[in-house]
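Everything below concerns the one structure shown next.
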Amino acid sequence: MRRYDWLKEIRRLDPERDFLRIYRIIATHEFPWDITRALELALYRTYAVPSIGRLLSETAELTDRTQKRYDDTALLLDAVLEHGCDGEDGRTAIRRINQMHRRYDITNDEMRYVLCTFVVVPKRWLDAYGWRRLTRHEQHAVAAYYRTLGGHMGITELPQTYEDFERYLDAYEAAHFGWDESARRVSDATLDLMAGWYGPLAPVVRGASKALLDDSLLDAFRYDRPKPAVQKAVRGALKLRAKAVRLLPPRRTPHYARQNPEIKGYPNGFRVAELGTFPASRAAGGCPVPHGQGPAAS
């Protein structure tokens, strides 16, 4: 295989009909490391919305059980990617996601915003640090993939195109990003988790992670601005990595998130149906998202 053979394959596929195949190639062959980093950043962005950050703090999943929450989130999304929304494990993963979400008062707007981060943040990450950018054909397929996943999650008024996802994300963040003390605790715990993966290099990695945050995130969490030299060094290193990856042969076998060394909580394997949390009772008020519709509902 040659470096751009996967892209040639993608271009032969229909982005509305073959979106799952296209997104699998993007996420497991072309950019597995980048997509992992970008989805981490996507979920991290959501903490800067005070209502989301507060809820995550109240559940304590991201402050007291940070590694488990990271593992479960990655593995549930991974199961949908690997098996599709209609495969047995894919359906089970969506059912688990829905069961957890509907325990809380999460608005449709919040759910839609989180979904938008999965579409927009990886594209922007690849624009900046990928060995190539996503084509419009690929952007179309990614939007179709997450539009379909959002439908199975009961999210309404979904964006239709990549541009729609991007407009909604930018408008939502402009209106809702802000300071919240409990959200800051969630942010700190997440940065500590990711830095902790690198042992004695943890302080360096924590500083490098902050150097990748844009000003709106830094302001929302009231972090000091990284020194320009640090920011330039970190972002420059990622761009150098992209140039090196461009010279590598294409990945022949898929690499899924379950194969990542950051997944540490299941050394003996796992069952998709047992991932996530199982709250004893529904939180007061209920979730307004109509999860009772669609094949993923239970």
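Labels for the structure tokens follow display order: chains A, B, ..., residues from 1 in each chain, ligands from 1.
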
Residues within 9 Å of Val142 (chain A), only C-alpha atoms, excluding chain neighbours under 4 positions, as a list of chain:residue names: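 Close residues of Val142 (chain A): A:Pro15, A:Phe19, A:Leu20, A:Ile22, A:Tyr23, A:Val119, A:His137, A:Glu138, A:Tyr146, A:Arg147, A:Tyr162.
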
Any chance you can output those residues with C-alpha atoms as a PDB file, in the first residue's frame?
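Listed below is the output, selection-v9.pdb:
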```pdb
ATOM      1  CA  PRO A  15     -20.356   9.772   2.540  1.00  0.00           C
ATOM      2  CA  PHE A  19     -20.158   6.992   6.579  1.00  0.00           C
ATOM      3  CA  LEU A  20     -19.316   4.192   9.038  1.00  0.00           C
ATOM      4  CA  ILE A  22     -15.215   6.104   6.015  1.00  0.00           C
ATOM      5  CA  TYR A  23     -15.052   7.101   9.677  1.00  0.00           C
ATOM      6  CA  VAL A 119     -17.318  16.462  14.919  1.00  0.00           C
ATOM      7  CA  HIS A 137     -15.821  14.346   1.457  1.00  0.00           C
ATOM      8  CA  GLU A 138     -14.530  13.073   4.813  1.00  0.00           C
ATOM      9  CA  TYR A 146     -22.355  11.598  14.401  1.00  0.00           C
ATOM     10  CA  ARG A 147     -25.745  12.743  13.132  1.00  0.00           C
ATOM     11  CA  TYR A 162     -20.181  19.809   9.103  1.00  0.00           C
TER      12      TYR A 162
END
```

Surrounding residues of Thr161 (chain A) excluding itself and chain neighbours under 2 positions, 7 Å, only C-alpha atoms, as JSON, numbers by chain: {"A": [140, 143, 159, 163, 164, 165]}

Write the residues you've just listed into a file as a PDB file, in the first residue's frame, and include N, CA, C and O atoms for each of them.
```pdb
ATOM      1  N   HIS A 140     -18.033  15.424   5.395  1.00  0.00           N
ATOM      2  CA  HIS A 140     -19.424  15.041   5.147  1.00  0.00           C
ATOM      3  C   HIS A 140     -19.728  13.723   5.850  1.00  0.00           C
ATOM      4  O   HIS A 140     -20.755  13.573   6.525  1.00  0.00           O
ATOM      5  N   ALA A 143     -19.792  14.037   9.722  1.00  0.00           N
ATOM      6  CA  ALA A 143     -21.050  14.658  10.149  1.00  0.00           C
ATOM      7  C   ALA A 143     -22.191  13.651  10.080  1.00  0.00           C
ATOM      8  O   ALA A 143     -23.038  13.593  10.992  1.00  0.00           O
ATOM      9  N   PRO A 159     -27.651  19.088  13.873  1.00  0.00           N
ATOM     10  CA  PRO A 159     -27.041  19.703  12.690  1.00  0.00           C
ATOM     11  C   PRO A 159     -26.956  18.676  11.565  1.00  0.00           C
ATOM     12  O   PRO A 159     -26.808  17.478  11.817  1.00  0.00           O
ATOM     13  N   GLU A 163     -20.600  22.118   8.488  1.00  0.00           N
ATOM     14  CA  GLU A 163     -20.693  23.554   8.741  1.00  0.00           C
ATOM     15  C   GLU A 163     -21.754  23.862   9.779  1.00  0.00           C
ATOM     16  O   GLU A 163     -21.574  24.765  10.612  1.00  0.00           O
ATOM     17  N   ASP A 164     -22.858  23.112   9.791  1.00  0.00           N
ATOM     18  CA  ASP A 164     -23.901  23.297  10.798  1.00  0.00           C
ATOM     19  C   ASP A 164     -23.380  22.940  12.195  1.00  0.00           C
ATOM     20  O   ASP A 164     -23.648  23.645  13.179  1.00  0.00           O
ATOM     21  N   PHE A 165     -22.636  21.823  12.283  1.00  0.00           N
ATOM     22  CA  PHE A 165     -22.043  21.423  13.566  1.00  0.00           C
ATOM     23  C   PHE A 165     -21.088  22.512  14.065  1.00  0.00           C
ATOM     24  O   PHE A 165     -21.096  22.856  15.251  1.00  0.00           O
TER      25      PHE A 165
END
```

Using only C-alpha atoms, which protein or nucleic acid residues come within 12 Å of Asp5 (chain A)? Drop anything in the same chain fewer than 2 positions from it, and give the result as a compact mmCIF listing (two decimals) with C-alpha atoms, in the first residue's frame.
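What follows is the written file part-v2.txt:
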```
# COMPACT_ATOMS: atom_id res chain seq x y z
CA MET A 1 0.00 0.00 0.00
CA ARG A 2 1.03 3.59 -0.64
CA ARG A 3 0.53 6.55 1.68
CA LEU A 7 -7.82 8.31 0.90
CA LYS A 8 -8.39 6.88 -2.58
CA GLU A 9 -10.61 4.21 -1.01
CA ILE A 10 -12.55 6.86 0.92
CA ARG A 11 -13.16 8.86 -2.24
CA ARG A 12 -14.76 5.81 -3.86
CA ILE A 25 -10.72 4.33 8.08
CA HIS A 29 -6.08 3.67 9.89
CA GLU A 30 -5.30 7.26 8.94
CA PRO A 249 3.61 3.66 5.18
CA PRO A 250 -0.17 3.48 5.72
CA ARG A 251 -1.51 1.41 8.58
CA ARG A 252 -2.74 -1.92 7.21
```

Against region 193-210 of chain A, which residues of region 23-66 of chain A fall within 12 Å? For each one I want the closest pair of atoms and the distance in Å (one decimal), counting only C-alpha atoms, rows by chain and increasing residue number, as CSV.
```
residue,atom,partner,partner_atom,distance
A:Arg37,CA,A:Ser209,CA,10.5
A:Glu40,CA,A:Met194,CA,9.7
A:Leu41,CA,A:Ser209,CA,9.6
A:Tyr44,CA,A:Ser209,CA,11.2
A:Leu62,CA,A:Leu193,CA,9.6
A:Thr63,CA,A:Leu193,CA,9.6
A:Asp64,CA,A:Leu193,CA,10.8
A:Arg65,CA,A:Leu193,CA,10.0
A:Thr66,CA,A:Leu193,CA,6.8
```

Tell me which protein, DNA and RNA residues are within 9 Å of Lys264 (chain A), counting only C-alpha atoms, leaving out same-chain ones fewer than 5 positions away, and put them as a VMD selection string. chain A and resid 67 to 68 71

Mind listing the alpha helix (DSSP H) residues of region 46-274 of chain A, per DSSP on the backbone, as number ranges by chain? A: 46, 50-59, 66-83, 88-101, 108-129, 136-152, 162-176, 181-196, 202-211, 215-221, 228-246

Might you pull out every residue within 10 Å of Val230 (chain A), with only C-alpha atoms counted and same-chain residues fewer than 3 positions away left off, and present them as number ranges by chain? A: 207-208, 210-212, 226-227, 233-236

Any chance you could export the current selection's N, CA, C and O atoms as a PDB file, in the first residue's frame?
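Everything below was put into result_9.pdb:
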```pdb
ATOM      1  N   GLY A 207       2.053  20.919  31.736  1.00  0.00           N
ATOM      2  CA  GLY A 207       2.293  22.231  31.133  1.00  0.00           C
ATOM      3  C   GLY A 207       2.100  22.212  29.632  1.00  0.00           C
ATOM      4  O   GLY A 207       1.536  23.145  29.052  1.00  0.00           O
ATOM      5  N   ALA A 208       2.529  21.116  28.995  1.00  0.00           N
ATOM      6  CA  ALA A 208       2.362  20.989  27.551  1.00  0.00           C
ATOM      7  C   ALA A 208       0.891  20.905  27.178  1.00  0.00           C
ATOM      8  O   ALA A 208       0.457  21.457  26.154  1.00  0.00           O
ATOM      9  N   LYS A 210      -1.625  22.287  28.746  1.00  0.00           N
ATOM     10  CA  LYS A 210      -2.197  23.632  28.838  1.00  0.00           C
ATOM     11  C   LYS A 210      -1.791  24.486  27.634  1.00  0.00           C
ATOM     12  O   LYS A 210      -2.548  25.364  27.206  1.00  0.00           O
ATOM     13  N   ALA A 211      -0.609  24.207  27.074  1.00  0.00           N
ATOM     14  CA  ALA A 211      -0.146  24.977  25.920  1.00  0.00           C
ATOM     15  C   ALA A 211      -0.977  24.701  24.679  1.00  0.00           C
ATOM     16  O   ALA A 211      -0.907  25.456  23.707  1.00  0.00           O
ATOM     17  N   LEU A 212      -1.780  23.628  24.704  1.00  0.00           N
ATOM     18  CA  LEU A 212      -2.643  23.294  23.570  1.00  0.00           C
ATOM     19  C   LEU A 212      -4.045  23.881  23.706  1.00  0.00           C
ATOM     20  O   LEU A 212      -4.846  23.777  22.780  1.00  0.00           O
ATOM     21  N   PRO A 226       0.032  30.130  29.116  1.00  0.00           N
ATOM     22  CA  PRO A 226       1.374  29.549  28.961  1.00  0.00           C
ATOM     23  C   PRO A 226       2.320  30.564  28.333  1.00  0.00           C
ATOM     24  O   PRO A 226       1.901  31.444  27.579  1.00  0.00           O
ATOM     25  N   LYS A 227       3.590  30.424  28.645  1.00  0.00           N
ATOM     26  CA  LYS A 227       4.582  31.296  28.032  1.00  0.00           C
ATOM     27  C   LYS A 227       4.609  31.045  26.524  1.00  0.00           C
ATOM     28  O   LYS A 227       4.505  29.900  26.077  1.00  0.00           O
ATOM     29  N   ALA A 233       6.855  25.751  21.316  1.00  0.00           N
ATOM     30  CA  ALA A 233       7.600  24.492  21.324  1.00  0.00           C
ATOM     31  C   ALA A 233       6.670  23.293  21.245  1.00  0.00           C
ATOM     32  O   ALA A 233       6.915  22.343  20.490  1.00  0.00           O
ATOM     33  N   VAL A 234       5.586  23.326  22.024  1.00  0.00           N
ATOM     34  CA  VAL A 234       4.653  22.196  22.049  1.00  0.00           C
ATOM     35  C   VAL A 234       3.958  22.043  20.703  1.00  0.00           C
ATOM     36  O   VAL A 234       3.894  20.937  20.127  1.00  0.00           O
ATOM     37  N   ARG A 235       3.440  23.129  20.194  1.00  0.00           N
ATOM     38  CA  ARG A 235       2.733  23.053  18.921  1.00  0.00           C
ATOM     39  C   ARG A 235       3.693  22.742  17.774  1.00  0.00           C
ATOM     40  O   ARG A 235       3.337  22.006  16.837  1.00  0.00           O
ATOM     41  N   GLY A 236       4.904  23.240  17.870  1.00  0.00           N
ATOM     42  CA  GLY A 236       5.896  22.924  16.853  1.00  0.00           C
ATOM     43  C   GLY A 236       6.265  21.453  16.857  1.00  0.00           C
ATOM     44  O   GLY A 236       6.461  20.849  15.789  1.00  0.00           O
TER      45      GLY A 236
END
```

Nearest residue to Asp72 (chain A) from the set A:Arg96, A:Gly130, A:Arg54, A:Thr135 (distances using only C-alpha atoms): A:Arg96

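Remark: for Ile35 (chain A), the closest of the candidate residues A:Val186, A:Val120, A:Leu217, A:Ala60 is A:Val120 (distances computed over only C-alpha atoms).
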
Using only C-alpha atoms, the shortest atom-to-atom distance to Gly178 (chain A) among A:Tyr256, A:Gly154, A:Arg133, A:Phe221 belongs to A:Phe221

Could you give me, as a Markdown table, a per-residue list for region 188-267 of chain A showing, wherever an atom lies at most 12 Å from an atom of region 81-94 of chain A, the closest pair of atoms and their distance in Å to one decimal, using only C-alpha atoms and sorting by chain then residue number from low to high?
```
| residue | atom | partner | partner_atom | distance |
| --- | --- | --- | --- | --- |
| A:Pro254 | CA | A:Glu82 | CA | 9.6 |
| A:His255 | CA | A:Glu82 | CA | 10.1 |
| A:Tyr256 | CA | A:Glu82 | CA | 7.7 |
| A:Ala257 | CA | A:Leu81 | CA | 9.7 |
| A:Arg258 | CA | A:Glu82 | CA | 10.3 |
```

Saved selection, atoms kept: N, CA and C atoms, as a compact mmCIF listing (two decimals), in the first residue's frame:
```
# COMPACT_ATOMS: atom_id res chain seq x y z
N PRO A 254 -6.44 -2.07 11.50
CA PRO A 254 -7.05 -0.98 12.28
C PRO A 254 -6.52 -0.95 13.71
N HIS A 255 -6.45 0.25 14.26
CA HIS A 255 -6.06 0.43 15.66
C HIS A 255 -7.22 1.10 16.38
N TYR A 256 -7.82 0.36 17.32
CA TYR A 256 -8.96 0.87 18.07
C TYR A 256 -8.52 1.41 19.43
N ALA A 257 -9.39 2.21 20.03
CA ALA A 257 -9.05 2.83 21.32
C ALA A 257 -8.77 1.79 22.40
N ARG A 258 -9.42 0.63 22.33
CA ARG A 258 -9.19 -0.41 23.34
C ARG A 258 -7.74 -0.89 23.34
```

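Using only C-alpha atoms for every distance, the candidate list A:Lys232, A:Arg112, A:Arg69, A:Arg95 yields A:Arg112 as the residue closest to Ile155 (chain A).
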
Can you measure CA of Arg167 (chain A) to CA of Asp224 (chain A) for me? One decimal in Å is fine.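 That distance, rounded to one decimal, is 28.0 Å.
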
One residue among A:Ala27, A:Ala74, A:Leu169, A:Met100 is nearest to Thr117 (chain A) when using only C-alpha atoms, and that residue is A:Leu169

Please, what distance in Å, to one decimal, runs between CA of His152 (chain A) and CA of Leu115 (chain A)?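 It comes out at 12.0 Å.
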